[in-house]
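Report on the structure given below.
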Amino acid sequence: MNQLIRHCRLLPRLTRQRSRSLSTSHTLLAAPSTYVTGVTADQVAANPVLAEYYAANFEGWESAPDKAIRPHEETEEVEEEVIDEHAPVLPPEYIARGIRPLVAYARIAGAEEGSRNCHRMRNPLQTNHPDHEYFPLTPGMVHGSDPTNAIVSVDPTSKILVKTPWFEIQRELDRYHRNFESKVYALTIYSADDCDVSYHKSKQNLPPPEFKVCQETMTITEIPPPPPPQLKQRKAIIENMLVLPTDLQMHPVDHTAFCLNYVRYHPNKPIKLPIRAVNEEESPAMKRGGFIAFANRTIECLIDPSFPIPEFIPLECTGLRQKDVVRRDRLVLPEGVTVHPRIGEDYLVGSVFGAKGGAALDDETTEET
């Protein structure tokens, strides 16, 4: 059971390399060249005048831990799996379908509504105080019907005001870019009282290392830092609700989010999956520099709940020639994916274009064969 829980913590799992020192103390070696370029420890020991100069101008230079040169330490590479204990746990069937977790917080009624309050959430005050953390939040709402849970969109109580941490949105934008709104997410909503940036860190901030110098043995020992603060366990208001991101509004210059809404997802809800060209090298036009001018880059599909949700729909380019019109019949639908009934058989995907003379080359190739 423990192994299953560790496997279900999909997103915050990070595998990183760290160097673990095999010794905690180091011999303190003087570094006179730090103060005067080119001077070595042997020269200071052999020249009393130089030693007197260092003693008069650089007091304690032989035992300063920040100026010490530590010998090369024997290290070993250790793989460490970092698991965030505060991350939402996904059911195994969600992981098998390619559904990723997402975290949001409930908005406080009245205090976090309206243009001015939302502006303060997106742009929190930045200070130099060490205890202050920059934590921008993007306002939005959850809406839409869900027949599987008897939720109707016309019911005012079906709309939930939420705020999503910008770090969560940016992480998914870095991964899926413009296809972010074509992904299904398991949204977990926490109370506004649990809104803290520390829950979204893969590694807590630690104070800088401190050292203790022993003048008798001329050794320097690192003082272990205090343990990181323990975060309280959060209790979710709504856990693993399937949603589709929608209405993502971005600032044209700052690349920050103004708004991000979510619409509830159920098996009868169509998804606009992106179309991606494959086997372009098998097309006489495209291998000579041609391209497809897409009229529609997405297509609405229904996904069987027992099959994974694909990231894109392949477009077979084999045999495409210049000026060919690409329609729905060239799409290769994965198993469990069907095109929505309102999409006609003549659904236009795009047309093939290329450099001048490409069509003539295609005709010559056809005559030769």
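Chains: A, B, ... in order of the structure tokens. Residues: from 1 per chain. Ligands: from 1, in order shown.
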
Can you check which parts of segment 182-219 of chain A lie within 10 Å of segment 310-334 of chain A? Per residue, the shortest pair of atoms and distance in Å to one decimal, counting only C-alpha atoms, sorted by chain and number, as a tab-separated table.
```
residue	atom	partner	partner_atom	distance
A:Ser182	CA	A:Glu311	CA	7.8
A:Lys183	CA	A:Glu311	CA	7.4
A:Val184	CA	A:Glu311	CA	10.0
```

*Run DSSP on the backbone and give me the residues of segment 123-341 of chain A it puts in strand (DSSP E or B), as a count of residues only.*
83

*DSSP alpha helix (DSSP H) residues within segment 166-264 of chain A, listed as a list in words*: Trp166, Phe167, Glu168, Ile169, Gln170, Arg171, Glu172, Leu173, Asp174, Arg175 and Tyr176 of chain A

Suppose we keep N, CA and C atoms; can you now write the selection as a PDB file, in the first residue's frame?
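As written to disk, part12.pdb reads:
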```pdb
ATOM      1  N   TRP A 166       0.409  30.903  -9.418  1.00  0.00           N
ATOM      2  CA  TRP A 166       1.034  31.084 -10.733  1.00  0.00           C
ATOM      3  C   TRP A 166       2.082  30.017 -11.001  1.00  0.00           C
ATOM      4  N   PHE A 167       2.737  29.505  -9.957  1.00  0.00           N
ATOM      5  CA  PHE A 167       3.750  28.472 -10.159  1.00  0.00           C
ATOM      6  C   PHE A 167       3.127  27.212 -10.763  1.00  0.00           C
ATOM      7  N   GLU A 168       1.910  26.891 -10.356  1.00  0.00           N
ATOM      8  CA  GLU A 168       1.229  25.712 -10.897  1.00  0.00           C
ATOM      9  C   GLU A 168       0.930  25.905 -12.384  1.00  0.00           C
ATOM     10  N   ILE A 169       0.477  27.089 -12.754  1.00  0.00           N
ATOM     11  CA  ILE A 169       0.148  27.347 -14.160  1.00  0.00           C
ATOM     12  C   ILE A 169       1.410  27.348 -15.013  1.00  0.00           C
ATOM     13  N   GLN A 170       2.469  28.014 -14.533  1.00  0.00           N
ATOM     14  CA  GLN A 170       3.696  28.113 -15.313  1.00  0.00           C
ATOM     15  C   GLN A 170       4.335  26.747 -15.517  1.00  0.00           C
ATOM     16  N   ARG A 171       4.240  25.897 -14.509  1.00  0.00           N
ATOM     17  CA  ARG A 171       4.794  24.542 -14.643  1.00  0.00           C
ATOM     18  C   ARG A 171       4.129  23.787 -15.786  1.00  0.00           C
ATOM     19  N   GLU A 172       2.814  23.887 -15.910  1.00  0.00           N
ATOM     20  CA  GLU A 172       2.111  23.181 -16.972  1.00  0.00           C
ATOM     21  C   GLU A 172       2.292  23.866 -18.320  1.00  0.00           C
ATOM     22  N   LEU A 173       2.419  25.193 -18.335  1.00  0.00           N
ATOM     23  CA  LEU A 173       2.693  25.890 -19.595  1.00  0.00           C
ATOM     24  C   LEU A 173       4.065  25.523 -20.137  1.00  0.00           C
ATOM     25  N   ASP A 174       5.041  25.357 -19.263  1.00  0.00           N
ATOM     26  CA  ASP A 174       6.372  24.948 -19.706  1.00  0.00           C
ATOM     27  C   ASP A 174       6.347  23.542 -20.295  1.00  0.00           C
ATOM     28  N   ARG A 175       5.426  22.735 -19.843  1.00  0.00           N
ATOM     29  CA  ARG A 175       5.370  21.343 -20.287  1.00  0.00           C
ATOM     30  C   ARG A 175       4.544  21.176 -21.568  1.00  0.00           C
ATOM     31  N   TYR A 176       3.418  21.887 -21.667  1.00  0.00           N
ATOM     32  CA  TYR A 176       2.494  21.677 -22.789  1.00  0.00           C
ATOM     33  C   TYR A 176       2.315  22.910 -23.667  1.00  0.00           C
TER      34      TYR A 176
END
```

Nearest to Ala87 of chain A by atom-to-atom distance, counting only C-alpha atoms, from A:Met141, A:Val36, A:Leu231, A:Ile151: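 Once distances to Ala87 of chain A are computed over only C-alpha atoms, the minimum belongs to A:Leu231.
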
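Taking atom CA of Glu210 of chain A and atom CA of Pro224 of chain A as endpoints, the distance between them is 7.7 Å.
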
Practice task
Just the residues within 10 Å of Leu248 of chain A, please, counting only C-alpha atoms, with nothing from its chain fewer than 3 positions along; format it as a list in words.
Solution key: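 Contacts, in chain order: Thr138, Gly140, Ile169, Phe180, Glu181, Pro245, Ala257, Phe258, Cys259, Leu260, Asn261 and Tyr262 of chain A.
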
Selected residues written out, N, CA, C and O atoms, as a PDB file, in the first residue's frame:
```
ATOM      1  N   THR A 138      -3.679  33.548  -9.327  1.00  0.00           N
ATOM      2  CA  THR A 138      -4.491  33.891 -10.489  1.00  0.00           C
ATOM      3  C   THR A 138      -5.950  33.591 -10.190  1.00  0.00           C
ATOM      4  O   THR A 138      -6.299  32.445  -9.902  1.00  0.00           O
ATOM      5  N   GLY A 140     -10.006  32.936 -10.703  1.00  0.00           N
ATOM      6  CA  GLY A 140     -10.800  32.203 -11.683  1.00  0.00           C
ATOM      7  C   GLY A 140     -11.991  31.549 -11.005  1.00  0.00           C
ATOM      8  O   GLY A 140     -12.319  31.848  -9.849  1.00  0.00           O
ATOM      9  N   ILE A 169       0.477  27.089 -12.754  1.00  0.00           N
ATOM     10  CA  ILE A 169       0.148  27.347 -14.160  1.00  0.00           C
ATOM     11  C   ILE A 169       1.410  27.348 -15.013  1.00  0.00           C
ATOM     12  O   ILE A 169       1.450  26.753 -16.095  1.00  0.00           O
ATOM     13  N   PHE A 180      -2.031  23.526 -23.356  1.00  0.00           N
ATOM     14  CA  PHE A 180      -2.377  23.431 -21.941  1.00  0.00           C
ATOM     15  C   PHE A 180      -3.881  23.253 -21.745  1.00  0.00           C
ATOM     16  O   PHE A 180      -4.328  22.475 -20.895  1.00  0.00           O
ATOM     17  N   GLU A 181      -4.697  23.948 -22.547  1.00  0.00           N
ATOM     18  CA  GLU A 181      -6.143  23.883 -22.385  1.00  0.00           C
ATOM     19  C   GLU A 181      -6.749  22.623 -22.993  1.00  0.00           C
ATOM     20  O   GLU A 181      -7.971  22.451 -22.947  1.00  0.00           O
ATOM     21  N   PRO A 245      -8.838  23.167 -18.191  1.00  0.00           N
ATOM     22  CA  PRO A 245      -8.541  24.609 -18.112  1.00  0.00           C
ATOM     23  C   PRO A 245      -9.136  25.343 -19.312  1.00  0.00           C
ATOM     24  O   PRO A 245      -9.145  24.833 -20.435  1.00  0.00           O
ATOM     25  N   ALA A 257      -0.556  35.607 -15.834  1.00  0.00           N
ATOM     26  CA  ALA A 257      -1.943  35.236 -16.094  1.00  0.00           C
ATOM     27  C   ALA A 257      -2.891  36.213 -15.419  1.00  0.00           C
ATOM     28  O   ALA A 257      -2.721  36.553 -14.245  1.00  0.00           O
ATOM     29  N   PHE A 258      -3.867  36.680 -16.167  1.00  0.00           N
ATOM     30  CA  PHE A 258      -4.926  37.514 -15.614  1.00  0.00           C
ATOM     31  C   PHE A 258      -6.035  36.654 -15.009  1.00  0.00           C
ATOM     32  O   PHE A 258      -6.584  36.972 -13.968  1.00  0.00           O
ATOM     33  N   CYS A 259      -6.379  35.569 -15.697  1.00  0.00           N
ATOM     34  CA  CYS A 259      -7.521  34.755 -15.278  1.00  0.00           C
ATOM     35  C   CYS A 259      -7.347  33.340 -15.812  1.00  0.00           C
ATOM     36  O   CYS A 259      -6.772  33.136 -16.895  1.00  0.00           O
ATOM     37  N   LEU A 260      -7.801  32.367 -15.040  1.00  0.00           N
ATOM     38  CA  LEU A 260      -7.829  30.970 -15.478  1.00  0.00           C
ATOM     39  C   LEU A 260      -9.060  30.310 -14.867  1.00  0.00           C
ATOM     40  O   LEU A 260      -9.164  30.197 -13.645  1.00  0.00           O
ATOM     41  N   ASN A 261      -9.977  29.911 -15.738  1.00  0.00           N
ATOM     42  CA  ASN A 261     -11.179  29.213 -15.303  1.00  0.00           C
ATOM     43  C   ASN A 261     -11.047  27.723 -15.577  1.00  0.00           C
ATOM     44  O   ASN A 261     -10.174  27.283 -16.339  1.00  0.00           O
ATOM     45  N   TYR A 262     -11.938  26.959 -14.976  1.00  0.00           N
ATOM     46  CA  TYR A 262     -11.978  25.505 -15.166  1.00  0.00           C
ATOM     47  C   TYR A 262     -13.416  25.102 -15.471  1.00  0.00           C
ATOM     48  O   TYR A 262     -14.362  25.619 -14.858  1.00  0.00           O
TER      49      TYR A 262
END
```

Shell of 6 Å around Cys301 of chain A, only C-alpha atoms, local chain residues under 6 positions omitted, as an NGL selection string: :A and (270-271 or 338-340)

Output N, CA, C and O atoms for every residue in the selection just made, as a CSV table (one decimal), in the first residue's frame.
```csv
chain,number,residue,atom,x,y,z
A,270,PRO,N,-16.7,16.7,-24.9
A,270,PRO,CA,-15.7,16.7,-25.9
A,270,PRO,C,-14.5,17.5,-25.5
A,270,PRO,O,-14.5,18.5,-24.8
A,271,ILE,N,-13.3,17.0,-26.0
A,271,ILE,CA,-12.0,17.7,-25.8
A,271,ILE,C,-11.5,18.1,-27.1
A,271,ILE,O,-11.5,17.3,-28.1
A,338,THR,N,-13.0,8.8,-30.5
A,338,THR,CA,-13.9,9.0,-31.6
A,338,THR,C,-14.1,10.5,-31.8
A,338,THR,O,-14.1,11.3,-30.8
A,339,VAL,N,-14.3,10.9,-33.0
A,339,VAL,CA,-14.6,12.3,-33.4
A,339,VAL,C,-16.0,12.6,-33.0
A,339,VAL,O,-16.9,11.8,-33.1
A,340,HIS,N,-16.2,13.8,-32.4
A,340,HIS,CA,-17.6,14.2,-32.0
A,340,HIS,C,-18.5,14.2,-33.2
A,340,HIS,O,-18.2,14.5,-34.3
```

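With distances restricted to only C-alpha atoms, A:Leu187 is the closest residue to Arg264 of chain A from A:Leu187, A:Val213, A:Met286, A:Cys195.
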
Between A:Tyr190, A:Gly98, A:Glu281, A:Gln230, smallest distance to Ile160 of chain A by only C-alpha atoms belongs to A:Tyr190

Distance of atom CA of Thr256 of chain A from atom CA of Pro101 of chain A, expressed in Å to one decimal place: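 Interatomic distance, atom CA of Pro101 of chain A to atom CA of Thr256 of chain A: 21.0 Å.
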
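Relative to atom CA of Asp254 of chain A, atom CA of Met121 of chain A is found at 15.5 Å.
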